$ cat query24.cif   # mmCIF, C-alpha atoms and all ligand atoms
data_input
#
loop_
_atom_site.label_atom_id
_atom_site.label_comp_id
_atom_site.auth_asym_id
_atom_site.auth_seq_id
_atom_site.Cartn_x
_atom_site.Cartn_y
_atom_site.Cartn_z
CA MET V 1 0.00 0.00 0.00
CA LYS V 2 0.96 3.60 -0.50
CA CYS V 3 1.54 4.61 3.08
CA SER V 4 2.35 1.60 5.19
CA PHE V 5 3.02 4.08 7.97
CA TYR V 6 -0.68 4.23 8.75
CA ARG V 7 -1.37 0.50 8.67
CA GLY V 8 -2.20 -1.45 11.76
CA PRO V 9 -2.50 -0.20 15.30
CA ILE V 10 -1.20 3.27 16.11
CA GLN V 11 2.40 3.65 17.10
CA ILE V 12 3.07 4.88 20.57
CA VAL V 13 6.35 6.66 20.05
CA ASN V 14 7.21 8.19 23.38
CA GLY V 15 5.95 9.02 26.83
CA SER V 16 4.26 12.28 25.96
CA ASN V 17 2.30 10.64 23.16
CA GLN V 18 1.08 8.07 25.61
CA GLN V 19 -0.33 10.93 27.67
CA ILE V 20 -2.06 12.30 24.58
CA LEU V 21 -3.55 8.90 23.80
CA LYS V 22 -4.87 8.69 27.33
CA VAL V 23 -6.69 11.99 26.90
CA LEU V 24 -7.94 10.92 23.47
CA LYS V 25 -9.72 7.96 25.10
CA GLY V 26 -12.27 10.58 26.14
CA VAL V 27 -13.30 11.26 22.55
CA THR V 28 -16.15 8.95 21.65
CA ASP V 29 -18.34 8.29 18.65
CA PRO V 30 -21.24 10.75 18.99
CA GLU V 31 -23.65 8.08 17.73
CA ILE V 32 -22.28 5.34 20.01
CA PRO V 33 -21.05 7.10 23.17
CA VAL V 34 -19.49 3.96 24.70
CA LEU V 35 -17.07 3.59 21.82
CA SER V 36 -13.88 5.67 21.83
CA LEU V 37 -12.35 6.77 18.54
CA GLN V 38 -9.34 4.62 19.35
CA ASP V 39 -11.52 1.54 19.83
CA LEU V 40 -13.25 2.39 16.57
CA GLY V 41 -9.90 2.46 14.76
CA VAL V 42 -10.40 6.01 13.51
CA ILE V 43 -7.27 7.47 15.09
CA ARG V 44 -4.36 6.39 12.92
CA ASN V 45 -1.43 8.34 14.26
CA VAL V 46 -0.44 10.82 16.94
CA SER V 47 2.71 12.90 16.91
CA SER V 48 3.79 15.91 18.87
CA SER V 49 6.43 18.58 18.87
CA ASP V 50 7.12 21.46 21.26
CA MET V 51 4.45 23.57 19.64
CA THR V 52 1.95 21.20 18.08
CA ILE V 53 0.07 17.96 18.43
CA GLU V 54 -0.91 16.25 15.19
CA VAL V 55 -3.67 13.68 15.22
CA THR V 56 -4.30 11.73 12.03
CA ILE V 57 -7.78 10.28 11.62
CA THR V 58 -9.52 8.39 8.86
CA PRO V 59 -13.26 8.57 8.13
CA THR V 60 -15.40 5.48 8.72
CA TYR V 61 -17.86 6.14 5.88
CA SER V 62 -17.21 9.00 3.47
CA GLY V 63 -20.58 10.61 4.20
CA CYS V 64 -20.58 10.00 7.94
CA PRO V 65 -21.93 13.20 9.52
CA ALA V 66 -20.26 12.32 12.83
CA MET V 67 -16.74 12.88 11.47
CA GLU V 68 -16.84 16.65 11.80
CA LEU V 69 -18.01 16.40 15.37
CA MET V 70 -15.26 13.89 16.14
CA GLU V 71 -12.68 16.32 14.79
CA GLN V 72 -14.06 19.14 16.93
CA SER V 73 -14.07 16.94 20.03
CA ILE V 74 -10.42 16.00 19.49
CA VAL V 75 -9.41 19.65 19.24
CA GLU V 76 -11.51 20.70 22.22
CA LEU V 77 -10.35 17.93 24.52
CA LEU V 78 -6.65 18.17 23.67
CA SER V 79 -6.62 22.00 23.84
CA GLY V 80 -8.01 21.70 27.34
CA GLU V 81 -5.13 19.47 28.44
CA PHE V 82 -2.13 20.70 26.47
CA SER V 83 -1.10 24.24 25.62
CA LYS V 84 -0.12 23.38 22.07
CA GLU V 85 -1.69 23.88 18.67
CA ILE V 86 -3.89 20.89 17.82
CA ILE V 87 -3.89 19.83 14.19
CA VAL V 88 -6.26 17.14 12.92
CA ILE V 89 -5.31 15.57 9.60
CA THR V 90 -7.75 13.40 7.65
CA LYS V 91 -6.22 10.54 5.66
CA LEU V 92 -8.34 8.51 3.25
CA SER V 93 -5.86 5.77 2.50
CA PRO V 94 -5.63 3.03 3.55
CA ALA V 95 -9.40 3.04 3.82
CA TRP V 96 -10.87 2.43 7.24
CA THR V 97 -11.89 -1.13 7.99
CA THR V 98 -13.72 -2.69 10.91
CA ASP V 99 -10.63 -4.92 11.28
CA TRP V 100 -9.14 -1.94 13.12
CA MET V 101 -11.79 -2.03 15.82
CA THR V 102 -10.19 -3.19 19.06
CA GLU V 103 -11.33 -6.25 21.02
CA HIS V 104 -12.22 -3.89 23.84
CA GLY V 105 -14.31 -1.88 21.39
CA LYS V 106 -16.17 -5.01 20.29
CA LYS V 107 -16.83 -5.96 23.89
CA VAL V 108 -18.33 -2.61 24.87
CA LEU V 109 -20.43 -2.52 21.70
CA PHE V 110 -21.99 -5.89 22.54
CA GLU V 111 -22.67 -4.81 26.11
CA TYR V 112 -24.23 -1.63 24.75
CA GLY V 113 -26.66 -3.70 22.66
CA ILE V 114 -24.98 -3.59 19.26
CA MET V 115 -23.60 -6.77 17.70
CA PRO V 116 -19.96 -5.99 16.77
CA PRO V 117 -18.55 -6.80 13.32
CA THR V 118 -17.71 -10.47 12.89
CA LYS V 119 -16.23 -12.43 10.01
CA THR V 120 -17.50 -15.74 11.33
CA GLY V 121 -21.02 -14.96 10.11
CA LYS V 122 -22.28 -15.83 13.60
CA ILE V 123 -24.50 -12.94 14.58
CA ILE V 124 -25.79 -13.16 18.12
CA CYS V 125 -28.62 -11.26 19.78
CA PRO V 126 -27.04 -8.85 22.31
CA GLN V 127 -30.16 -9.08 24.51
CA CYS V 128 -30.46 -12.85 25.00
CA GLN V 129 -27.37 -14.28 23.22
CA SER V 130 -29.55 -16.36 20.89
CA GLN V 131 -28.20 -17.26 17.47
CA GLN V 132 -31.71 -17.39 16.01
CA VAL V 133 -31.66 -14.05 14.24
CA GLU V 134 -32.85 -12.64 10.90
CA LEU V 135 -31.88 -9.66 8.78
CA ILE V 136 -34.54 -6.95 8.59
CA SER V 137 -32.65 -4.35 6.59
CA GLN V 138 -29.14 -3.92 5.20
CA PHE V 139 -29.05 -0.43 6.68
CA GLY V 140 -29.91 0.40 10.29
CA SER V 141 -30.05 3.78 12.00
CA THR V 142 -26.71 4.77 10.44
CA ALA V 143 -24.71 3.69 7.38
CA CYS V 144 -22.36 1.56 9.49
CA LYS V 145 -25.10 -0.69 10.84
CA ALA V 146 -27.60 -3.23 9.59
CA LEU V 147 -30.88 -4.03 11.32
CA TYR V 148 -31.55 -7.53 12.68
CA ARG V 149 -34.27 -9.17 14.73
CA CYS V 150 -33.91 -11.94 17.25
CA THR V 151 -36.50 -14.64 16.61
CA ASP V 152 -36.18 -15.92 20.20
CA CYS V 153 -36.70 -12.78 22.27
CA LEU V 154 -38.20 -10.85 19.32
CA GLU V 155 -36.08 -7.77 20.00
CA PRO V 156 -34.66 -5.87 17.04
CA PHE V 157 -30.99 -4.94 17.27
CA ASP V 158 -28.25 -3.23 15.26
CA TYR V 159 -25.35 -5.13 13.76
CA PHE V 160 -22.17 -3.11 13.15
CA LYS V 161 -21.35 -4.33 9.63
CA CYS V 162 -17.99 -5.61 8.50
CA HIS V 163 -16.49 -2.97 6.27
CA MET J 1 -8.50 16.53 -15.70
CA TYR J 2 -10.85 19.07 -14.12
CA ASN J 3 -13.71 18.14 -16.47
CA TYR J 4 -13.27 14.46 -15.71
CA ILE J 5 -13.33 14.89 -11.94
CA GLN J 6 -16.26 17.24 -12.31
CA ASN J 7 -18.17 14.59 -14.24
CA LEU J 8 -17.50 11.96 -11.55
CA ALA J 9 -18.30 14.43 -8.76
CA ASP J 10 -21.53 15.68 -10.34
CA ASN J 11 -22.76 12.14 -11.03
CA THR J 12 -22.52 11.42 -7.31
CA LEU J 13 -23.77 14.81 -6.11
CA ILE J 14 -26.90 14.73 -8.26
CA LEU J 15 -27.61 11.04 -7.62
CA GLY J 16 -27.16 11.56 -3.88
CA GLN J 17 -29.50 14.53 -3.95
CA ARG J 18 -32.13 12.56 -5.86
CA LEU J 19 -31.94 9.70 -3.37
CA ALA J 20 -32.25 12.14 -0.49
CA GLN J 21 -35.62 13.18 -1.90
CA TRP J 22 -36.91 9.77 -0.79
CA CYS J 23 -36.44 10.82 2.83
CA GLY J 24 -39.81 10.33 4.50
CA HIS J 25 -41.32 8.80 1.33
CA GLY J 26 -39.76 5.31 1.33
CA PRO J 27 -42.14 2.38 0.79
CA PHE J 28 -41.53 1.32 4.39
CA LEU J 29 -39.38 2.55 7.26
CA GLU J 30 -36.36 0.27 6.75
CA GLU J 31 -36.23 1.07 3.06
CA ASP J 32 -36.52 4.77 3.81
CA LEU J 33 -33.43 4.46 6.00
CA ALA J 34 -31.57 2.41 3.41
CA LEU J 35 -32.25 4.92 0.62
CA THR J 36 -31.12 7.86 2.70
CA ASN J 37 -28.05 6.05 4.07
CA THR J 38 -27.07 5.20 0.52
CA SER J 39 -27.59 8.85 -0.35
CA LEU J 40 -25.32 9.89 2.50
CA ASP J 41 -22.50 7.60 1.32
CA ILE J 42 -22.82 8.93 -2.21
CA LEU J 43 -22.88 12.55 -1.05
CA GLY J 44 -19.73 11.80 0.95
CA GLN J 45 -18.10 10.60 -2.25
CA ALA J 46 -19.32 13.75 -3.99
CA GLN J 47 -17.70 15.86 -1.29
CA MET J 48 -14.33 14.13 -1.69
CA LEU J 49 -14.48 14.43 -5.48
CA LEU J 50 -15.57 18.09 -5.35
CA ASN J 51 -12.71 18.85 -2.98
CA LEU J 52 -10.35 17.34 -5.53
CA ALA J 53 -12.04 19.24 -8.38
CA ALA J 54 -11.71 22.50 -6.43
CA GLU J 55 -8.05 21.77 -5.77
CA ILE J 56 -7.39 21.19 -9.47
CA LYS J 57 -9.34 24.31 -10.42
CA GLY J 58 -7.01 26.19 -8.13
CA ASP J 59 -8.78 29.56 -8.15
CA GLY J 60 -9.77 29.48 -4.51
CA SER J 61 -13.17 27.86 -5.14
CA THR J 62 -14.28 25.36 -2.52
CA ALA J 63 -16.30 22.16 -2.87
CA ASP J 64 -19.30 24.09 -1.54
CA ASP J 65 -18.87 26.79 -4.20
CA LEU J 66 -18.91 24.13 -6.88
CA ALA J 67 -21.98 22.43 -5.45
CA PHE J 68 -24.07 25.49 -4.69
CA LEU J 69 -22.99 28.28 -7.02
CA ARG J 70 -22.82 26.67 -10.45
CA ASP J 71 -25.73 26.93 -12.87
CA ALA J 72 -27.18 23.90 -14.64
CA ILE J 73 -24.91 24.39 -17.65
CA GLY J 74 -21.88 24.14 -15.37
CA PHE J 75 -22.86 20.64 -14.21
CA LYS J 76 -21.24 17.74 -16.05
CA ASN J 77 -23.26 14.80 -14.74
CA VAL J 78 -24.90 12.23 -16.99
CA ILE J 79 -28.59 12.91 -17.60
CA LEU J 80 -29.49 9.53 -16.07
CA VAL J 81 -28.86 10.66 -12.50
CA GLU J 82 -30.98 13.82 -12.72
CA GLN J 83 -34.08 11.93 -13.92
CA PRO J 84 -36.96 12.12 -11.44
CA ASN J 85 -37.19 9.29 -8.93
CA GLY J 86 -40.40 7.86 -10.40
CA ASP J 87 -41.65 4.84 -8.51
CA PHE J 88 -39.50 2.55 -6.37
CA ALA J 89 -38.69 0.24 -9.30
CA HIS J 90 -37.49 3.25 -11.24
CA THR J 91 -35.24 4.50 -8.46
CA MET J 92 -33.81 1.05 -7.75
CA LEU J 93 -33.13 0.27 -11.41
CA ARG J 94 -31.27 3.57 -11.79
CA GLN J 95 -29.42 2.76 -8.59
CA TYR J 96 -28.52 -0.70 -9.86
CA PHE J 97 -27.19 0.77 -13.12
CA MET J 98 -25.10 3.30 -11.18
CA ASP J 99 -23.90 0.78 -8.59
CA VAL J 100 -22.61 -1.59 -11.27
CA TYR J 101 -20.95 1.37 -12.98
CA HIS J 102 -19.40 2.71 -9.78
CA VAL J 103 -18.04 -0.66 -8.68
CA HIS J 104 -16.18 -1.09 -11.99
CA LEU J 105 -15.17 2.57 -12.12
CA TYR J 106 -13.73 2.69 -8.61
CA THR J 107 -12.04 -0.69 -9.03
CA ILE J 108 -10.09 0.73 -11.97
CA LEU J 109 -9.53 4.14 -10.38
CA SER J 110 -8.10 2.55 -7.21
CA GLY J 111 -5.04 2.06 -9.39
CA SER J 112 -5.12 5.56 -10.92
CA SER J 113 -1.79 7.29 -11.41
CA ASN J 114 -3.33 10.29 -9.65
CA GLN J 115 -2.88 9.42 -6.00
CA SER J 116 -5.72 11.59 -4.65
CA LEU J 117 -8.15 10.02 -7.08
CA ALA J 118 -6.87 6.52 -6.27
CA GLU J 119 -7.42 7.13 -2.55
CA ILE J 120 -10.96 8.42 -3.06
CA ALA J 121 -11.73 5.42 -5.27
CA GLU J 122 -10.33 2.96 -2.74
CA LYS J 123 -12.50 4.48 -0.02
CA SER J 124 -15.64 4.67 -2.18
CA LEU J 125 -15.32 1.17 -3.60
CA LYS J 126 -16.10 -0.38 -0.23
CA GLU J 127 -19.31 1.60 0.00
CA VAL J 128 -20.62 1.05 -3.51
CA THR J 129 -19.89 -2.68 -3.27
CA TYR J 130 -22.37 -2.83 -0.42
CA HIS J 131 -24.84 -0.66 -2.33
CA LEU J 132 -24.64 -3.06 -5.25
CA GLU J 133 -25.40 -6.04 -3.01
CA ARG J 134 -28.57 -4.29 -1.99
CA SER J 135 -29.69 -3.08 -5.42
CA GLN J 136 -28.96 -6.54 -6.89
CA LEU J 137 -31.24 -8.11 -4.31
CA TRP J 138 -33.99 -5.66 -5.21
CA MET J 139 -33.53 -6.37 -8.91
CA GLN J 140 -34.02 -10.09 -8.19
CA ARG J 141 -37.06 -9.48 -6.01
CA LEU J 142 -38.76 -7.07 -8.38
CA ALA J 143 -37.93 -9.03 -11.55
CA HIS J 144 -39.23 -12.29 -10.06
CA GLY J 145 -42.01 -10.79 -7.98
CA THR J 146 -45.59 -10.09 -8.99
CA LYS J 147 -46.98 -9.01 -12.35
CA GLU J 148 -47.13 -5.51 -10.93
CA SER J 149 -43.47 -5.42 -9.90
CA ILE J 150 -42.34 -6.90 -13.23
CA ASP J 151 -44.46 -4.39 -15.20
CA ARG J 152 -43.07 -1.51 -13.20
CA LEU J 153 -39.50 -2.67 -13.65
CA GLN J 154 -40.05 -3.09 -17.40
CA ASN J 155 -41.46 0.45 -17.57
CA ALA J 156 -38.41 1.74 -15.74
CA LEU J 157 -36.12 -0.16 -18.11
CA ASN J 158 -37.95 1.30 -21.13
CA GLU J 159 -37.41 4.79 -19.82
CA LEU J 160 -33.90 4.57 -18.38
CA TRP J 161 -32.02 2.32 -20.80
CA HIS J 162 -31.33 5.07 -23.34
CA TYR J 163 -29.71 7.22 -20.69
CA THR J 164 -27.10 4.63 -19.75
CA HIS J 165 -24.92 5.05 -22.87
CA GLU J 166 -23.76 8.42 -21.63
CA LEU J 167 -21.80 6.73 -18.84
CA PHE J 168 -19.39 5.43 -21.47
CA GLU J 169 -19.08 8.43 -23.73
CA GLU J 170 -15.64 8.91 -25.23
CA SER J 171 -13.77 12.14 -25.85
CA GLU J 172 -10.28 13.19 -26.85
CA GLU J 173 -9.67 14.69 -23.45
CA LEU J 174 -10.69 11.44 -21.78
CA ASP J 175 -8.45 9.44 -24.13
CA ASP J 176 -5.48 11.49 -22.96
CA LEU J 177 -6.32 10.87 -19.31
CA VAL J 178 -6.70 7.13 -19.95
CA GLU J 179 -3.33 7.20 -21.70
CA GLN J 180 -1.76 8.81 -18.62
CA GLY J 181 -3.28 6.16 -16.37
CA ILE J 182 -5.46 8.72 -14.57
CA ALA J 183 -8.95 7.87 -15.85
CA ALA J 184 -10.86 4.64 -16.47
CA ASP J 185 -11.18 3.59 -20.11
CA PRO J 186 -14.87 4.03 -21.10
CA ILE J 187 -14.72 1.13 -23.56
CA HIS J 188 -13.42 -1.18 -20.87
CA LEU J 189 -16.06 0.09 -18.44
CA LYS J 190 -18.83 -0.46 -20.96
CA ILE J 191 -17.79 -4.07 -21.60
CA HIS J 192 -17.85 -4.88 -17.88
CA TRP J 193 -21.04 -2.97 -17.19
CA GLU J 194 -22.93 -4.55 -20.06
CA ALA J 195 -21.73 -8.03 -19.17
CA ASP J 196 -23.09 -7.68 -15.61
CA VAL J 197 -26.35 -6.01 -16.54
CA LYS J 198 -27.10 -8.34 -19.44
CA GLU J 199 -26.34 -11.39 -17.33
CA TRP J 200 -28.96 -10.24 -14.85
CA LEU J 201 -31.45 -9.35 -17.59
CA ALA J 202 -31.01 -12.80 -19.16
CA SER J 203 -32.20 -14.35 -15.89
CA THR J 204 -35.44 -12.33 -16.07
CA ALA J 205 -38.37 -11.90 -18.44
CA LEU J 206 -37.42 -8.26 -19.00
CA THR J 207 -36.50 -6.99 -22.44
CA ILE J 208 -34.23 -4.13 -23.46
CA PRO J 209 -36.24 -1.52 -25.42
CA LYS J 210 -35.56 -1.66 -29.13
CA THR J 211 -35.64 1.98 -30.22
CA GLY J 212 -32.08 3.08 -30.62
CA TRP J 213 -31.91 6.67 -29.38
CA LYS J 214 -29.20 7.59 -26.92
CA ALA J 215 -29.23 10.47 -24.48
CA THR J 216 -26.22 12.76 -24.76
CA GLY J 217 -25.18 16.26 -23.74
CA GLY J 218 -24.84 16.04 -19.98
CA LEU J 219 -21.05 15.97 -20.12
CA ASN J 220 -21.16 19.28 -21.98
CA GLY J 221 -23.65 20.85 -19.60
CA HIS J 222 -26.73 20.28 -21.75
CA HIS J 223 -29.26 18.78 -19.40
CA SER J 224 -32.91 17.82 -19.17
CA GLU J 225 -35.25 20.34 -17.55
CA TYR J 226 -35.22 18.26 -14.35
CA LEU J 227 -31.72 19.36 -13.34
CA GLY J 228 -32.59 23.07 -13.20
CA LEU J 229 -35.64 22.37 -11.07
CA MET J 230 -33.57 20.26 -8.70
CA LEU J 231 -30.85 22.90 -8.41
CA CYS J 232 -33.45 25.57 -7.56
CA GLU J 233 -34.23 23.61 -4.44
CA MET J 234 -30.72 22.39 -3.66
CA GLN J 235 -29.04 25.77 -4.08
CA PHE J 236 -31.80 27.97 -2.70
CA LEU J 237 -30.21 28.78 0.63
CA GLN J 238 -26.78 29.72 -0.72
CA ARG J 239 -28.38 31.77 -3.50
CA ALA J 240 -30.74 33.62 -1.17
CA TYR J 241 -28.22 34.11 1.63
CA PRO J 242 -24.75 34.08 0.01
CA ASP J 243 -21.95 32.73 2.22
CA CYS J 244 -24.31 31.93 5.05
CA GLU J 245 -23.00 29.37 7.52
CA TRP J 246 -24.54 27.55 10.42
ZN ZN V 301 -32.73 -12.23 21.62
#

$ encode --input "query24.cif" --output "C-alpha cells"
Amino acid sequence: MKCSFYRGPIQIVNGSNQQILKVLKGVTDPEIPVLSLQDLGVIRNVSSSDMTIEVTITPTYSGCPAMELMEQSIVELLSGEFSKEIIVITKLSPAWTTDWMTEHGKKVLFEYGIMPPTKTGKIICPQCQSQQVELISQFGSTACKALYRCTDCLEPFDYFKCH
Amino acid sequence: MYNYIQNLADNTLILGQRLAQWCGHGPFLEEDLALTNTSLDILGQAQMLLNLAAEIKGDGSTADDLAFLRDAIGFKNVILVEQPNGDFAHTMLRQYFMDVYHVHLYTILSGSSNQSLAEIAEKSLKEVTYHLERSQLWMQRLAHGTKESIDRLQNALNELWHYTHELFEESEELDDLVEQGIAADPIHLKIHWEADVKEWLASTALTIPKTGWKATGGLNGHHSEYLGLMLCEMQFLQRAYPDCEW
C-alpha cells in the first residue's frame, strides 16, 4: 500500500504521546457514546512537537456526519489538556476497515446492545445471546449498521457491519 | 482533468441529492433508512471528489462553491442521475445501473496514477460494493415478484435504458487521461457494465427496449429540464443568503 506508515495499530512513540492517547480515550463516537475513537480504529497516528500535536484520523464512511463532530471533540479535549496547537489531519488511504476495531471496542459494543462486526457470520442477539436471528434491513439507523431481529426474544438490534 | 473529476463528482452529487428526496417517502421505514443512508454515502463521495475538483481548479473555489454556485450548464453529470425518482422500481433500477458502474469505475480508479483520485476510489469502492449487493437483491425481487413489480420494472427499463450510454461516452480529453493512467477507459467500463447487466437481464423476463436513441449532452452541460428544477431547491439557501453558515 501507498503509506504503510498508517497501517495497523497506532504507534506509541514516546511518553508524551502516551499521555495524549490517554486523553484521546475521552473522545467517543457521537452516535455510540461507549465507543472511543481509538476503539473504533479512527485514530491512525499521533505525533507531537514542542508547539503542536498532530492527530491523524480516517473517516469510517465517506458521508458520515459524525466525522466533523469527532474532529471538533479531538481539538476541544486536547486543547483543554495541552497548551499546544492541535492539528487534525484526515487521511483517506488506507481506507478504514472494521478490522481496526479493538477487542475492547467489540466488547463494549456488545454490552451496549450492538452486535460488533464479525467475520464468522455468527450474529448473536445482544439481549439474550440467541443465534436465532434474521436480517430486517441492510441499513440500520446509520450507514455503518444493519438491522436484525432476534426470533427468540423478538427484540430488534443493530449489527455493526464488517467494512 | 478538471472536467473528468467534475463529471464523476456531479454524477454522485446529483444522484445523492435525488436519493435524499426519498427521505420520509420510502415504501416502508427500513427502506426509507436504506435509501437515505445510501444517499449519504454517495454525497460523501461527492464531497471528496468536489474537494479534488476544487483543488485542481485552483482559483480558490471550494467544494461548496462548486456544489451550490454553479448553474445547470456548469454541471457535467450524466442525464441519467438527474431523472426524477419515479416509482421505487425506477429508483432502484437507476441505482442498480449506477452501482454496477461505480463498482467497476472505482475498481479501476483505485489504481489511478493520480494518488488523490486513487485514494478516493479505494474508499468509495467499499461503499458502492455494499450498495450493489442491496440493489442486486432488489432487482431479483422485483424481476421475479408479482406481475405488478415486473411491469413496473419493465417500464423503468424502457425509460432509463437510453440514458445509460452516456456513462461510457468517449472524448479526446478522456483518451489522454486514460493514456496517462489517470482515468478509467470508457470502452473497458462499458464491456464490464454490459456483461453484468445483461447477465442479470437474461435471468429475467425483462427486455431491453428496441428503439435506438441515446441520451447525450450532460457531459457538456446540456441537461434535461429536471436538473434546473432540482438545483433551484438544492441551491436555494446559498443563492438567497450568500456565504451563510450555520
Ligand atoms: Zn434475543

$ residues_near_ligand --input "query24.cif" --ligand "ligand ZN 301 (chain V)" --cutoff "7 Å" --atoms "all atoms listed in the file" --output "VMD selection string"
chain V and resid 125 to 130 150 to 155

$ atom_distance --input "query24.cif" --atom1 "CA of Glu82 in chain J" --atom2 "CA of Glu122 in chain J"
25.4 Å

$ closest_residue --input "query24.cif" --among "J:Ala89, J:Leu206, J:Met230, J:Val103" --to "Thr129 in chain J" --atoms "only C-alpha atoms"
J:Val103

$ interface_residues --input "query24.cif" --of "chain J" --to "chain V" --cutoff "12 Å" --atoms "all atoms listed in the file" --output "short mmCIF file (atom, residue, chain, number, x, y, z; two decimals) with C-alpha atoms, in the frame of the given file"
data_model
loop_
_atom_site.label_atom_id
_atom_site.label_comp_id
_atom_site.auth_asym_id
_atom_site.auth_seq_id
_atom_site.Cartn_x
_atom_site.Cartn_y
_atom_site.Cartn_z
CA THR J 12 -22.52 11.42 -7.31
CA LEU J 13 -23.77 14.81 -6.11
CA GLY J 16 -27.16 11.56 -3.88
CA PHE J 28 -41.53 1.32 4.39
CA LEU J 29 -39.38 2.55 7.26
CA GLU J 30 -36.36 0.27 6.75
CA GLU J 31 -36.23 1.07 3.06
CA ASP J 32 -36.52 4.77 3.81
CA LEU J 33 -33.43 4.46 6.00
CA ALA J 34 -31.57 2.41 3.41
CA LEU J 35 -32.25 4.92 0.62
CA THR J 36 -31.12 7.86 2.70
CA ASN J 37 -28.05 6.05 4.07
CA THR J 38 -27.07 5.20 0.52
CA SER J 39 -27.59 8.85 -0.35
CA LEU J 40 -25.32 9.89 2.50
CA ASP J 41 -22.50 7.60 1.32
CA ILE J 42 -22.82 8.93 -2.21
CA LEU J 43 -22.88 12.55 -1.05
CA GLY J 44 -19.73 11.80 0.95
CA GLN J 45 -18.10 10.60 -2.25
CA ALA J 46 -19.32 13.75 -3.99
CA GLN J 47 -17.70 15.86 -1.29
CA MET J 48 -14.33 14.13 -1.69
CA LEU J 49 -14.48 14.43 -5.48
CA SER J 110 -8.10 2.55 -7.21
CA GLY J 111 -5.04 2.06 -9.39
CA SER J 113 -1.79 7.29 -11.41
CA GLN J 115 -2.88 9.42 -6.00
CA SER J 116 -5.72 11.59 -4.65
CA LEU J 117 -8.15 10.02 -7.08
CA ALA J 118 -6.87 6.52 -6.27
CA GLU J 119 -7.42 7.13 -2.55
CA ILE J 120 -10.96 8.42 -3.06
CA ALA J 121 -11.73 5.42 -5.27
CA GLU J 122 -10.33 2.96 -2.74
CA LYS J 123 -12.50 4.48 -0.02
CA SER J 124 -15.64 4.67 -2.18
CA LEU J 125 -15.32 1.17 -3.60
CA LYS J 126 -16.10 -0.38 -0.23
CA GLU J 127 -19.31 1.60 0.00
CA VAL J 128 -20.62 1.05 -3.51
CA THR J 129 -19.89 -2.68 -3.27
CA TYR J 130 -22.37 -2.83 -0.42
CA HIS J 131 -24.84 -0.66 -2.33
CA LEU J 132 -24.64 -3.06 -5.25
CA GLU J 133 -25.40 -6.04 -3.01
CA ARG J 134 -28.57 -4.29 -1.99
CA SER J 135 -29.69 -3.08 -5.42
CA LEU J 137 -31.24 -8.11 -4.31
CA TRP J 138 -33.99 -5.66 -5.21
#

$ atom_distance --input "query24.cif" --atom1 "CA of Val81 in chain J" --atom2 "CA of Met234 in chain J"
14.8 Å

$ closest_residue --input "query24.cif" --among "V:Asp29, V:Lys84, V:Phe110, V:Ser47" --to "Gln72 in chain V" --atoms "all atoms listed in the file"
V:Asp29

$ atom_distance --input "query24.cif" --atom1 "CA of Ile150 in chain J" --atom2 "CA of Ala205 in chain J"
8.2 Å

$ closest_residue --input "query24.cif" --among "V:Ile32, V:Leu69, V:Val27, V:Ile87" --to "Met51 in chain V" --atoms "only C-alpha atoms"
V:Ile87

$ residues_around --input "query24.cif" --residues "Met115 in chain V" --least-positions-apart "3" --cutoff "10 Å" --atoms "all atoms listed in the file" --output "PyMOL selection string"
chain V and resi 106-112+118+123-127+145-146+148+157-161

$ closest_residue --input "query24.cif" --among "V:Thr120, V:Leu35, V:Leu24, V:Gln132" --to "Leu78 in chain V" --atoms "all atoms listed in the file"
V:Leu24

$ closest_residue --input "query24.cif" --among "V:Asp39, V:Glu81, V:Val88, V:Cys162" --to "Met67 in chain V" --atoms "all atoms listed in the file"
V:Val88

$ residues_near_point --input "query24.cif" --point "(-1.9, 20.7, 16.7)" --cutoff "12 Å" --atoms "all atoms listed in the file" --output "list in words"
Ile20, Val46, Ser47, Ser48, Ser49, Asp50, Met51, Thr52, Ile53, Glu54, Val55, Thr56, Glu71, Ile74, Val75, Glu76, Leu77, Leu78, Ser79, Phe82, Ser83, Lys84, Glu85, Ile86, Ile87, Val88 and Ile89 of chain V

$ decode --input "query24.cif" --residues "range 29-59 of chain V" --atoms "C-alpha atoms" --output "PDB file, in the first residue's frame"
ATOM      1  CA  ASP V  29     -18.336   8.287  18.647  1.00  0.00           C
ATOM      2  CA  PRO V  30     -21.236  10.749  18.988  1.00  0.00           C
ATOM      3  CA  GLU V  31     -23.646   8.077  17.734  1.00  0.00           C
ATOM      4  CA  ILE V  32     -22.277   5.342  20.010  1.00  0.00           C
ATOM      5  CA  PRO V  33     -21.049   7.098  23.167  1.00  0.00           C
ATOM      6  CA  VAL V  34     -19.487   3.961  24.704  1.00  0.00           C
ATOM      7  CA  LEU V  35     -17.066   3.585  21.817  1.00  0.00           C
ATOM      8  CA  SER V  36     -13.879   5.675  21.828  1.00  0.00           C
ATOM      9  CA  LEU V  37     -12.351   6.765  18.539  1.00  0.00           C
ATOM     10  CA  GLN V  38      -9.336   4.619  19.350  1.00  0.00           C
ATOM     11  CA  ASP V  39     -11.522   1.544  19.834  1.00  0.00           C
ATOM     12  CA  LEU V  40     -13.251   2.386  16.569  1.00  0.00           C
ATOM     13  CA  GLY V  41      -9.896   2.464  14.762  1.00  0.00           C
ATOM     14  CA  VAL V  42     -10.402   6.010  13.511  1.00  0.00           C
ATOM     15  CA  ILE V  43      -7.266   7.474  15.089  1.00  0.00           C
ATOM     16  CA  ARG V  44      -4.357   6.393  12.917  1.00  0.00           C
ATOM     17  CA  ASN V  45      -1.432   8.340  14.264  1.00  0.00           C
ATOM     18  CA  VAL V  46      -0.438  10.819  16.939  1.00  0.00           C
ATOM     19  CA  SER V  47       2.705  12.898  16.909  1.00  0.00           C
ATOM     20  CA  SER V  48       3.793  15.905  18.870  1.00  0.00           C
ATOM     21  CA  SER V  49       6.428  18.582  18.868  1.00  0.00           C
ATOM     22  CA  ASP V  50       7.119  21.458  21.264  1.00  0.00           C
ATOM     23  CA  MET V  51       4.447  23.573  19.644  1.00  0.00           C
ATOM     24  CA  THR V  52       1.946  21.205  18.083  1.00  0.00           C
ATOM     25  CA  ILE V  53       0.071  17.959  18.433  1.00  0.00           C
ATOM     26  CA  GLU V  54      -0.910  16.252  15.191  1.00  0.00           C
ATOM     27  CA  VAL V  55      -3.674  13.678  15.218  1.00  0.00           C
ATOM     28  CA  THR V  56      -4.304  11.728  12.031  1.00  0.00           C
ATOM     29  CA  ILE V  57      -7.777  10.285  11.618  1.00  0.00           C
ATOM     30  CA  THR V  58      -9.523   8.387   8.864  1.00  0.00           C
ATOM     31  CA  PRO V  59     -13.264   8.567   8.131  1.00  0.00           C
TER      32      PRO V  59
END
